>>> print(open('structure.cif').read())   # mmCIF, C-alpha atoms
data_work
#
loop_
_atom_site.label_atom_id
_atom_site.label_comp_id
_atom_site.auth_asym_id
_atom_site.auth_seq_id
_atom_site.Cartn_x
_atom_site.Cartn_y
_atom_site.Cartn_z
CA MET A 128 104.88 84.79 162.31
CA HIS A 129 104.71 81.01 162.46
CA VAL A 130 101.47 79.53 161.13
CA ILE A 131 100.23 75.98 161.73
CA LEU A 132 97.41 74.66 159.56
CA LEU A 133 94.64 72.48 161.01
CA PHE A 134 92.17 70.38 159.01
CA PRO A 135 89.03 68.87 160.60
CA GLY A 136 87.80 65.31 160.29
CA GLN A 137 84.50 63.56 159.85
CA GLY A 138 81.71 65.09 161.89
CA SER A 139 82.44 68.71 160.91
CA GLN A 140 80.58 68.47 157.59
CA LYS A 141 77.32 70.40 157.16
CA PRO A 142 75.13 71.46 154.22
CA GLY A 143 76.27 74.80 152.81
CA MET A 144 79.91 74.11 153.54
CA GLY A 145 82.19 75.98 151.17
CA LYS A 146 79.44 77.63 149.13
CA GLU A 147 80.16 81.22 150.17
CA LEU A 148 83.87 80.61 149.70
CA ALA A 149 83.38 79.23 146.20
CA ASP A 150 81.04 82.08 145.28
CA ALA A 151 83.56 84.69 146.45
CA PHE A 152 86.91 83.26 145.30
CA PRO A 153 87.81 81.68 141.93
CA ALA A 154 90.59 79.66 143.58
CA ALA A 155 88.09 78.01 145.90
CA ARG A 156 85.67 77.42 143.04
CA ASP A 157 88.47 75.77 141.03
CA ALA A 158 89.30 73.44 143.94
CA PHE A 159 85.71 72.24 144.20
CA SER A 160 85.55 71.80 140.41
CA ALA A 161 88.73 69.75 140.46
CA VAL A 162 87.22 67.43 143.08
CA ASP A 163 84.01 67.12 141.05
CA ASP A 164 86.01 66.22 137.94
CA ALA A 165 88.17 63.71 139.82
CA LEU A 166 85.15 61.92 141.28
CA GLY A 167 82.94 62.19 138.19
CA THR A 168 80.08 63.61 140.22
CA SER A 169 78.97 66.99 141.55
CA LEU A 170 80.17 66.62 145.10
CA SER A 171 80.15 70.42 145.31
CA THR A 172 76.35 70.42 144.93
CA LEU A 173 76.09 68.00 147.87
CA CYS A 174 78.40 70.26 149.93
CA PHE A 175 76.52 73.43 149.04
CA GLU A 176 72.94 72.13 149.18
CA GLY A 177 72.86 68.82 151.06
CA PRO A 178 70.78 66.91 152.00
CA ALA A 179 72.45 66.38 155.36
CA ASP A 180 71.81 62.64 155.50
CA GLU A 181 73.63 62.12 152.19
CA LEU A 182 76.47 64.45 153.12
CA THR A 183 76.98 62.62 156.42
CA LYS A 184 77.58 59.25 154.75
CA THR A 185 81.21 58.30 155.18
CA HIS A 186 82.06 58.05 151.47
CA ASN A 187 80.62 61.57 150.93
CA ALA A 188 81.70 63.31 154.13
CA GLN A 189 85.37 62.48 153.67
CA PRO A 190 85.85 63.94 150.17
CA ALA A 191 83.53 66.85 151.09
CA LEU A 192 85.76 67.83 153.99
CA PHE A 193 88.85 67.35 151.82
CA ALA A 194 87.32 69.60 149.15
CA HIS A 195 86.41 72.38 151.57
CA GLY A 196 89.83 72.25 153.23
CA ALA A 197 91.59 72.32 149.87
CA ALA A 198 89.41 75.23 148.72
CA ALA A 199 90.08 77.22 151.88
CA TRP A 200 93.80 76.58 151.55
CA ALA A 201 93.76 77.66 147.89
CA VAL A 202 92.52 81.05 149.08
CA ALA A 203 94.44 81.39 152.36
CA ARG A 204 97.71 80.33 150.76
CA GLU A 205 97.99 83.79 149.20
CA LEU A 206 97.95 85.30 152.71
CA ILE A 207 99.94 82.83 154.80
CA GLY A 208 101.68 80.40 152.45
CA ASP A 209 105.18 81.61 153.21
CA GLN A 210 104.61 81.55 156.98
CA VAL A 211 103.40 77.95 157.38
CA VAL A 212 105.79 75.85 159.46
CA ALA A 213 103.64 72.75 160.04
CA ALA A 214 100.19 71.24 159.64
CA ALA A 215 98.01 68.60 161.23
CA GLY A 216 94.62 67.09 160.54
CA HIS A 217 92.23 65.07 162.64
CA SER A 218 91.77 61.61 161.11
CA LEU A 219 90.50 62.32 157.56
CA GLY A 220 91.90 65.83 157.95
CA GLU A 221 95.44 64.47 157.95
CA HIS A 222 94.99 63.71 154.25
CA THR A 223 94.02 67.34 153.63
CA ALA A 224 97.08 68.42 155.58
CA TYR A 225 99.30 66.43 153.22
CA HIS A 226 97.59 68.12 150.27
CA SER A 227 98.33 71.54 151.78
CA ALA A 228 102.00 70.56 151.98
CA GLY A 229 102.07 69.62 148.29
CA ALA A 230 102.35 65.88 148.93
CA VAL A 231 99.22 64.98 146.97
CA SER A 232 97.25 66.89 144.33
CA VAL A 233 93.59 67.83 144.67
CA ASP A 234 92.42 65.22 142.18
CA ARG A 235 94.51 62.34 143.52
CA GLY A 236 93.71 63.28 147.11
CA ALA A 237 89.99 63.43 146.38
CA ARG A 238 89.99 59.98 144.80
CA LEU A 239 91.95 58.59 147.73
CA VAL A 240 89.66 59.93 150.44
CA ARG A 241 86.56 58.88 148.50
CA ARG A 242 87.96 55.35 148.35
CA ARG A 243 88.97 55.55 152.01
CA GLY A 244 85.40 56.45 152.94
CA GLU A 245 83.99 53.63 150.82
CA ILE A 246 86.36 51.09 152.35
CA MET A 247 85.62 52.19 155.90
CA TYR A 248 81.88 52.09 155.27
CA GLU A 249 82.08 48.61 153.73
CA VAL A 250 84.08 47.23 156.65
CA GLY A 251 81.71 48.92 159.08
CA MET A 252 78.86 46.99 157.51
CA GLN A 253 80.80 43.72 157.67
CA ARG A 254 82.00 44.21 161.25
CA PRO A 255 79.39 46.41 162.95
CA GLY A 256 80.63 48.75 165.63
CA THR A 257 80.16 52.21 167.05
CA MET A 258 81.96 55.10 168.72
CA ALA A 259 81.25 57.33 171.72
CA ALA A 260 82.73 60.47 173.25
CA ILE A 261 83.64 60.23 176.93
CA LEU A 262 83.56 63.68 178.54
CA GLY A 263 84.98 64.67 181.90
CA THR A 264 87.87 63.82 184.22
CA LEU A 265 88.20 60.12 185.05
CA SER A 266 89.55 58.56 188.24
CA THR A 267 90.72 55.54 186.21
CA PRO A 268 92.58 55.85 182.87
CA ILE A 269 90.33 55.31 179.87
CA ASP A 270 92.63 52.59 178.52
CA GLU A 271 92.09 50.55 181.69
CA LEU A 272 88.33 51.01 181.45
CA CYS A 273 88.37 49.88 177.81
CA ALA A 274 90.43 46.81 178.70
CA ARG A 275 87.93 45.85 181.39
CA ALA A 276 84.95 46.47 179.10
CA THR A 277 86.61 44.32 176.41
CA GLN A 278 86.95 41.43 178.84
CA GLU A 279 83.39 41.76 180.11
CA SER A 280 81.36 42.67 177.02
CA GLY A 281 83.17 43.18 173.71
CA LEU A 282 86.16 44.79 172.04
CA VAL A 283 86.53 48.54 172.69
CA VAL A 284 89.57 50.83 172.54
CA ALA A 285 90.39 54.51 172.84
CA ALA A 286 90.16 55.97 169.32
CA ASN A 287 90.70 59.73 169.72
CA TYR A 288 92.65 61.30 172.58
CA ASN A 289 91.28 64.78 171.94
CA THR A 290 91.90 66.60 175.24
CA GLU A 291 92.49 65.58 178.83
CA GLU A 292 88.72 65.65 179.35
CA GLN A 293 87.54 64.28 176.00
CA THR A 294 88.33 60.85 174.59
CA VAL A 295 86.44 59.00 171.89
CA ILE A 296 86.16 55.22 172.24
CA SER A 297 85.49 52.74 169.43
CA GLY A 298 84.58 49.10 169.10
CA GLU A 299 81.80 46.55 169.29
CA VAL A 300 78.48 47.97 170.42
CA ALA A 301 78.32 45.94 173.64
CA GLY A 302 81.90 46.88 174.51
CA VAL A 303 81.30 50.59 173.91
CA ASP A 304 78.11 50.49 175.99
CA ARG A 305 79.94 48.82 178.86
CA ALA A 306 82.85 51.27 178.63
CA ILE A 307 80.40 54.16 178.89
CA GLU A 308 78.96 52.64 182.07
CA LEU A 309 82.42 52.17 183.55
CA ALA A 310 83.46 55.69 182.58
CA LYS A 311 80.45 57.18 184.34
CA GLU A 312 81.33 55.17 187.44
CA ALA A 313 84.85 56.64 187.16
CA GLY A 314 83.54 60.22 187.09
CA ALA A 315 82.71 60.95 183.45
CA LYS A 316 80.14 63.68 182.99
CA ARG A 317 78.69 62.09 179.88
CA GLY A 318 79.13 59.32 177.36
CA VAL A 319 77.75 60.35 173.97
CA LYS A 320 77.25 57.88 171.13
CA LEU A 321 78.40 59.22 167.75
CA ALA A 322 76.52 58.91 164.46
CA VAL A 323 79.09 56.83 162.59
CA SER A 324 78.91 53.81 160.31
CA GLY A 325 81.66 51.81 161.97
CA ALA A 326 84.25 51.45 164.72
CA PHE A 327 86.88 53.71 163.17
CA HIS A 328 90.44 53.77 164.55
CA SER A 329 89.96 50.37 166.13
CA PRO A 330 91.05 46.80 165.30
CA LEU A 331 87.61 46.25 163.73
CA MET A 332 88.93 48.21 160.73
CA GLU A 333 91.75 45.72 160.05
CA PRO A 334 89.97 44.11 157.03
CA ALA A 335 90.31 47.45 155.24
CA HIS A 336 94.12 47.32 155.34
CA ASP A 337 94.91 45.90 151.91
CA ALA A 338 92.37 47.96 149.99
CA LEU A 339 93.47 51.19 151.66
CA ALA A 340 97.13 50.34 151.09
CA ALA A 341 96.41 50.01 147.36
CA ALA A 342 94.50 53.32 147.31
CA ILE A 343 97.34 55.14 149.07
CA GLN A 344 99.88 53.68 146.64
CA ASP A 345 97.75 54.78 143.67
CA ALA A 346 97.67 58.35 145.05
CA ASN A 347 101.43 58.61 144.38
CA PHE A 348 102.46 60.84 147.29
CA ASP A 349 105.43 63.20 147.22
CA ALA A 350 107.37 64.37 150.28
CA PRO A 351 105.55 67.18 152.12
CA ARG A 352 107.08 70.65 151.85
CA PHE A 353 106.60 71.24 155.58
CA PRO A 354 106.17 68.80 158.49
CA ILE A 355 102.85 67.08 159.09
CA TYR A 356 102.21 66.00 162.67
CA SER A 357 101.03 62.40 162.59
CA ASN A 358 97.87 61.19 164.30
CA VAL A 359 99.61 57.90 165.03
CA THR A 360 102.90 59.11 166.54
CA ALA A 361 102.18 62.79 167.36
CA GLY A 362 105.55 63.50 165.74
CA ALA A 363 106.55 65.58 162.73
CA VAL A 364 106.72 63.70 159.41
CA THR A 365 108.69 64.82 156.35
CA ASP A 366 109.60 61.52 154.66
CA VAL A 367 107.16 60.28 152.02
CA THR A 368 107.47 56.57 152.85
CA HIS A 369 106.99 57.25 156.55
CA ALA A 370 104.01 59.46 155.72
CA THR A 371 102.16 56.86 153.67
CA ASN A 372 102.91 54.08 156.16
CA LEU A 373 101.44 56.17 158.97
CA LEU A 374 98.35 57.10 156.93
CA LEU A 375 97.69 53.39 156.54
CA LYS A 376 98.39 52.63 160.19
CA GLN A 377 96.06 55.48 161.18
CA LEU A 378 93.09 53.36 160.13
CA THR A 379 93.37 51.10 163.17
CA SER A 380 95.33 53.36 165.53
CA PRO A 381 94.10 56.06 167.91
CA VAL A 382 94.28 59.72 166.94
CA ARG A 383 96.75 61.26 169.40
CA TRP A 384 95.48 64.80 168.99
CA LEU A 385 96.31 65.93 172.52
CA GLU A 386 99.94 64.87 172.14
CA SER A 387 100.17 66.31 168.63
CA VAL A 388 99.00 69.76 169.71
CA ARG A 389 101.35 69.74 172.68
CA ALA A 390 104.23 68.78 170.40
CA MET A 391 103.40 71.59 167.96
CA GLY A 392 103.02 74.03 170.85
CA ALA A 393 106.46 73.09 172.18
CA ALA A 394 108.08 73.43 168.76
CA TYR A 395 106.33 76.70 167.83
CA PRO A 396 105.17 78.40 171.06
CA ASP A 397 103.98 81.62 169.39
CA ALA A 398 102.26 80.07 166.34
CA LEU A 399 98.91 81.08 164.93
CA TYR A 400 96.72 77.98 164.39
CA VAL A 401 94.56 78.38 161.29
CA GLU A 402 91.70 75.87 160.91
CA LEU A 403 90.70 75.40 157.27
CA GLY A 404 87.26 73.95 156.55
CA PRO A 405 83.85 74.05 158.20
CA GLY A 406 83.47 75.03 161.83
CA ASN A 407 85.88 75.52 164.70
CA VAL A 408 86.14 72.12 166.40
CA LEU A 409 89.93 71.91 166.20
CA SER A 410 90.42 75.54 167.20
CA GLY A 411 88.39 74.80 170.31
CA LEU A 412 90.49 71.75 171.13
CA VAL A 413 93.72 73.71 170.67
CA SER A 414 92.46 76.44 173.00
CA ARG A 415 91.73 73.85 175.68
CA ILE A 416 95.06 72.07 175.25
CA LEU A 417 97.18 75.24 174.93
CA PRO A 418 95.43 78.02 176.88
CA GLY A 419 96.21 81.38 175.30
CA ALA A 420 97.11 79.93 171.90
CA GLN A 421 96.18 82.07 168.89
CA THR A 422 93.56 80.47 166.65
CA GLN A 423 91.72 81.53 163.52
CA THR A 424 89.02 79.74 161.55
CA CYS A 425 89.22 79.90 157.78
CA GLY A 426 86.19 78.47 156.01
CA THR A 427 84.16 81.46 154.81
CA PRO A 428 84.85 84.81 153.12
CA ALA A 429 84.32 86.53 156.48
CA ASP A 430 87.01 84.29 157.97
CA ILE A 431 89.40 85.18 155.14
CA ASP A 432 88.78 88.88 155.79
CA ALA A 433 89.37 88.38 159.52
CA LEU A 434 92.61 86.52 158.82
CA ALA A 435 93.82 89.31 156.51
CA GLN A 436 93.00 91.94 159.12
CA ARG A 437 94.75 89.97 161.81
CA LEU A 438 97.88 89.65 159.71
CA ALA A 439 97.80 93.36 158.89
CA VAL A 440 97.56 94.31 162.55
CA GLN A 441 100.29 91.92 163.67
CA GLY A 442 102.52 92.99 160.81
CA ALA A 443 102.11 96.66 161.55
#
>>> encode(input="structure.cif", output="structure tokens")
Amino acid sequence: MHVILLFPGQGSQKPGMGKELADAFPAARDAFSAVDDALGTSLSTLCFEGPADELTKTHNAQPALFAHGAAAWAVARELIGDQVVAAAGHSLGEHTAYHSAGAVSVDRGARLVRRRGEIMYEVGMQRPGTMAAILGTLSTPIDELCARATQESGLVVAANYNTEEQTVISGEVAGVDRAIELAKEAGAKRGVKLAVSGAFHSPLMEPAHDALAAAIQDANFDAPRFPIYSNVTAGAVTDVTHATNLLLKQLTSPVRWLESVRAMGAAYPDALYVELGPGNVLSGLVSRILPGAQTQTCGTPADIDALAQRLAVQGA
């Protein structure tokens, strides 16, 4: 069986994340401990207990999601490690995907994503912006609506192409507000503002370039052992220099999730998509993009049991 790993991004965090997994599996507990040691703070306590408002802060949410994904992979690897053919992560999750492929260790990856979160938060304070999800089928392409809103009100771009009926936009507050109005006129069902601290995946993040480049260099990446599908290009990446360049470019580029999933589906039409971390956001997106695709969440002991049972049945 071909297995593709999926790692969620910011927004999937929630108090209690990873606690049951760490209680049940030493490998998961060790992963959380390694992140705590790398950061010099008990991030695991924040993951397990909250409070939610602290966990949601960008510089906490990003390493928290990395830690949970790494912990889930430490456990699931025993079941599916030799069947993984590719991985992908949504925004922050792409860093966790590279960890799963052996490109960056838990400690170095944790320090990188903590710094990434800090940098993005700082730039968000310097250049205030926001993001919003546009839901529904549009009569006019979202890129055209964003271009018009930029001319009329303020900079706004498409930031996440999640499915054909879900795109996240990002930019200056006035631009995002105007783009929501235009999207509704073009048939959108809803425009939902997101609780974020900045205009991520937009040109407003450009001041973060140099600091993030230094953080990525300090992380000392190796080549991934299996392909990682890039948010920026939607293509498979195996070269370490290409990987780190794209992780830097990702900061100001849209997440091409729709194209990435379609590319993975074309390359591995019978794959099982295993989402590692809290929730099932990416599994849901995959099911909408590739109807009939096999998906499995993997963030709790119950999920691990379900994955083992699934493998046993399919291997019988």
>>> residues_around(input="structure.cif", residues="region 390-401 of chain A", least_positions_apart="2", cutoff="7 Å", atoms="only C-alpha atoms", output="PyMOL selection string")
chain A and resi 128-133+386-388+403+421-425
>>> atom_distance(input="structure.cif", atom1="CA of Gly236 (chain A)", atom2="CA of Met258 (chain A)")
25.9 Å
>>> resolve_selection(input="structure.cif", expression="the PyMOL selection byres ((chain A and resi 249) around 10)", output="list in words")
Thr185, His186, Arg243, Gly244, Glu245, Ile246, Met247, Tyr248, Val250, Gly251, Met252, Gln253, Arg254, Pro255, Ser324, Gly325, Met332, Pro334 and Ala335 of chain A
>>> atom_distance(input="structure.cif", atom1="CA of Trp200 (chain A)", atom2="CA of Thr368 (chain A)")
24.3 Å
>>> closest_residue(input="structure.cif", among="A:Tyr288, A:Tyr225, A:Phe175, A:Phe134", to="Asn347 (chain A)", atoms="all atoms listed in the file")
A:Tyr225
>>> resolve_selection(input="structure.cif", expression="the PyMOL selection byres ((chain A and resi 135-152) around 6)", output="PDB file with C-alpha atoms, in the coordinates of the input")
ATOM      1  CA  PHE A 134      92.170  70.380 159.010  1.00  0.00           C
ATOM      2  CA  PRO A 153      87.810  81.680 141.930  1.00  0.00           C
ATOM      3  CA  ALA A 154      90.590  79.660 143.580  1.00  0.00           C
ATOM      4  CA  ALA A 155      88.090  78.010 145.900  1.00  0.00           C
ATOM      5  CA  ARG A 156      85.670  77.420 143.040  1.00  0.00           C
ATOM      6  CA  CYS A 174      78.400  70.260 149.930  1.00  0.00           C
ATOM      7  CA  PHE A 175      76.520  73.430 149.040  1.00  0.00           C
ATOM      8  CA  GLU A 176      72.940  72.130 149.180  1.00  0.00           C
ATOM      9  CA  GLY A 177      72.860  68.820 151.060  1.00  0.00           C
ATOM     10  CA  ALA A 179      72.450  66.380 155.360  1.00  0.00           C
ATOM     11  CA  HIS A 195      86.410  72.380 151.570  1.00  0.00           C
ATOM     12  CA  GLY A 216      94.620  67.090 160.540  1.00  0.00           C
ATOM     13  CA  HIS A 217      92.230  65.070 162.640  1.00  0.00           C
ATOM     14  CA  SER A 218      91.770  61.610 161.110  1.00  0.00           C
ATOM     15  CA  LEU A 219      90.500  62.320 157.560  1.00  0.00           C
ATOM     16  CA  GLY A 220      91.900  65.830 157.950  1.00  0.00           C
ATOM     17  CA  THR A 427      84.160  81.460 154.810  1.00  0.00           C
ATOM     18  CA  PRO A 428      84.850  84.810 153.120  1.00  0.00           C
TER      19      PRO A 428
END
>>> atom_distance(input="structure.cif", atom1="CA of Gly362 (chain A)", atom2="CA of Leu239 (chain A)")
23.1 Å
>>> resolve_selection(input="structure.cif", expression="the PyMOL selection byres ((chain A and resi 197) around 8)", output="ChimeraX atom specification")
/A:155,158,193-196,198-201,223,226-227,233
>>> closest_residue(input="structure.cif", among="A:Leu282, A:Gly229, A:Ser357, A:Leu378", to="Glu333 (chain A)", atoms="all atoms listed in the file")
A:Leu378
>>> residues_around(input="structure.cif", residues="Ile207 (chain A)", least_positions_apart="4", cutoff="9 Å", atoms="only C-alpha atoms", output="list of chain:residue names")
A:Val130, A:Ala203, A:Val211, A:Leu438
>>> write_last_selection(input="structure.cif", atoms="C-alpha atoms", output="tab-separated table (two decimals), in the frame of the given file")
chain	number	residue	atom	x	y	z
A	130	VAL	CA	101.47	79.53	161.13
A	203	ALA	CA	94.44	81.39	152.36
A	211	VAL	CA	103.40	77.95	157.38
A	438	LEU	CA	97.88	89.65	159.71
>>> closest_residue(input="structure.cif", among="A:Val408, A:Ile416, A:Ala228, A:Val440", to="Val367 (chain A)", atoms="only C-alpha atoms")
A:Ala228
>>> residues_around(input="structure.cif", residues="Ala230 (chain A)", least_positions_apart="6", cutoff="9 Å", atoms="only C-alpha atoms", output="PyMOL selection string")
chain A and resi 224+347-352+367
>>> residues_around(input="structure.cif", residues="Ala346 (chain A)", least_positions_apart="5", cutoff="10 Å", atoms="all atoms listed in the file", output="list in words")
Ala230, Val231, Ser232, Asp234, Arg235, Gly236, Ala237, Arg238, Leu239, Val240, Ala341 and Thr371 of chain A
>>> closest_residue(input="structure.cif", among="A:Val284, A:Ala310, A:Leu417, A:Val303", to="Thr267 (chain A)", atoms="only C-alpha atoms")
A:Ala310
>>> closest_residue(input="structure.cif", among="A:His369, A:Arg415, A:Gln210, A:Asp337", to="Glu291 (chain A)", atoms="all atoms listed in the file")
A:Arg415
>>> residues_around(input="structure.cif", residues="Thr264 (chain A)", least_positions_apart="3", cutoff="10 Å", atoms="only C-alpha atoms", output="PyMOL selection string")
chain A and resi 261+267-269+291-293+310-311+313-316
>>> write_last_selection(input="structure.cif", atoms="C-alpha atoms", output="PDB file, in the frame of the given file")
ATOM      1  CA  ILE A 261      83.640  60.230 176.930  1.00  0.00           C
ATOM      2  CA  THR A 267      90.720  55.540 186.210  1.00  0.00           C
ATOM      3  CA  PRO A 268      92.580  55.850 182.870  1.00  0.00           C
ATOM      4  CA  ILE A 269      90.330  55.310 179.870  1.00  0.00           C
ATOM      5  CA  GLU A 291      92.490  65.580 178.830  1.00  0.00           C
ATOM      6  CA  GLU A 292      88.720  65.650 179.350  1.00  0.00           C
ATOM      7  CA  GLN A 293      87.540  64.280 176.000  1.00  0.00           C
ATOM      8  CA  ALA A 310      83.460  55.690 182.580  1.00  0.00           C
ATOM      9  CA  LYS A 311      80.450  57.180 184.340  1.00  0.00           C
ATOM     10  CA  ALA A 313      84.850  56.640 187.160  1.00  0.00           C
ATOM     11  CA  GLY A 314      83.540  60.220 187.090  1.00  0.00           C
ATOM     12  CA  ALA A 315      82.710  60.950 183.450  1.00  0.00           C
ATOM     13  CA  LYS A 316      80.140  63.680 182.990  1.00  0.00           C
TER      14      LYS A 316
END
>>> closest_residue(input="structure.cif", among="A:Thr290, A:Val364, A:Phe353, A:Leu339", to="Trp384 (chain A)", atoms="all atoms listed in the file")
A:Thr290
>>> decode(input="structure.cif", residues="region 167-180 of chain A", atoms="N, CA and C atoms", output="short mmCIF file (atom, residue, chain, number, x, y, z; two decimals), in the first residue's frame")
data_model
loop_
_atom_site.label_atom_id
_atom_site.label_comp_id
_atom_site.auth_asym_id
_atom_site.auth_seq_id
_atom_site.Cartn_x
_atom_site.Cartn_y
_atom_site.Cartn_z
N GLY A 167 13.47 25.15 25.65
CA GLY A 167 13.73 25.60 27.01
C GLY A 167 12.49 26.01 27.76
N THR A 168 11.38 25.42 27.41
CA THR A 168 10.11 25.71 28.08
C THR A 168 9.19 24.51 27.93
N SER A 169 8.20 24.40 28.80
CA SER A 169 7.29 23.25 28.73
C SER A 169 6.14 23.53 27.76
N LEU A 170 6.48 23.48 26.49
CA LEU A 170 5.45 23.64 25.47
C LEU A 170 4.41 22.53 25.58
N SER A 171 4.85 21.34 26.01
CA SER A 171 3.92 20.22 26.14
C SER A 171 2.80 20.55 27.11
N THR A 172 3.11 21.25 28.21
CA THR A 172 2.06 21.64 29.16
C THR A 172 1.04 22.55 28.49
N LEU A 173 1.51 23.47 27.65
CA LEU A 173 0.59 24.36 26.93
C LEU A 173 -0.27 23.56 25.96
N CYS A 174 0.32 22.57 25.29
CA CYS A 174 -0.46 21.71 24.38
C CYS A 174 -1.52 20.92 25.14
N PHE A 175 -1.10 20.33 26.26
CA PHE A 175 -1.98 19.42 26.99
C PHE A 175 -3.06 20.15 27.79
N GLU A 176 -2.74 21.35 28.29
CA GLU A 176 -3.63 22.01 29.24
C GLU A 176 -4.15 23.37 28.78
N GLY A 177 -3.53 23.97 27.78
CA GLY A 177 -3.90 25.33 27.39
C GLY A 177 -3.21 26.34 28.30
N PRO A 178 -3.79 27.56 28.41
CA PRO A 178 -5.09 28.01 27.90
C PRO A 178 -5.10 28.24 26.39
N ALA A 179 -6.30 28.24 25.84
CA ALA A 179 -6.47 28.34 24.39
C ALA A 179 -5.90 29.62 23.82
N ASP A 180 -6.07 30.74 24.54
CA ASP A 180 -5.59 32.01 23.98
C ASP A 180 -4.08 32.04 23.88
#
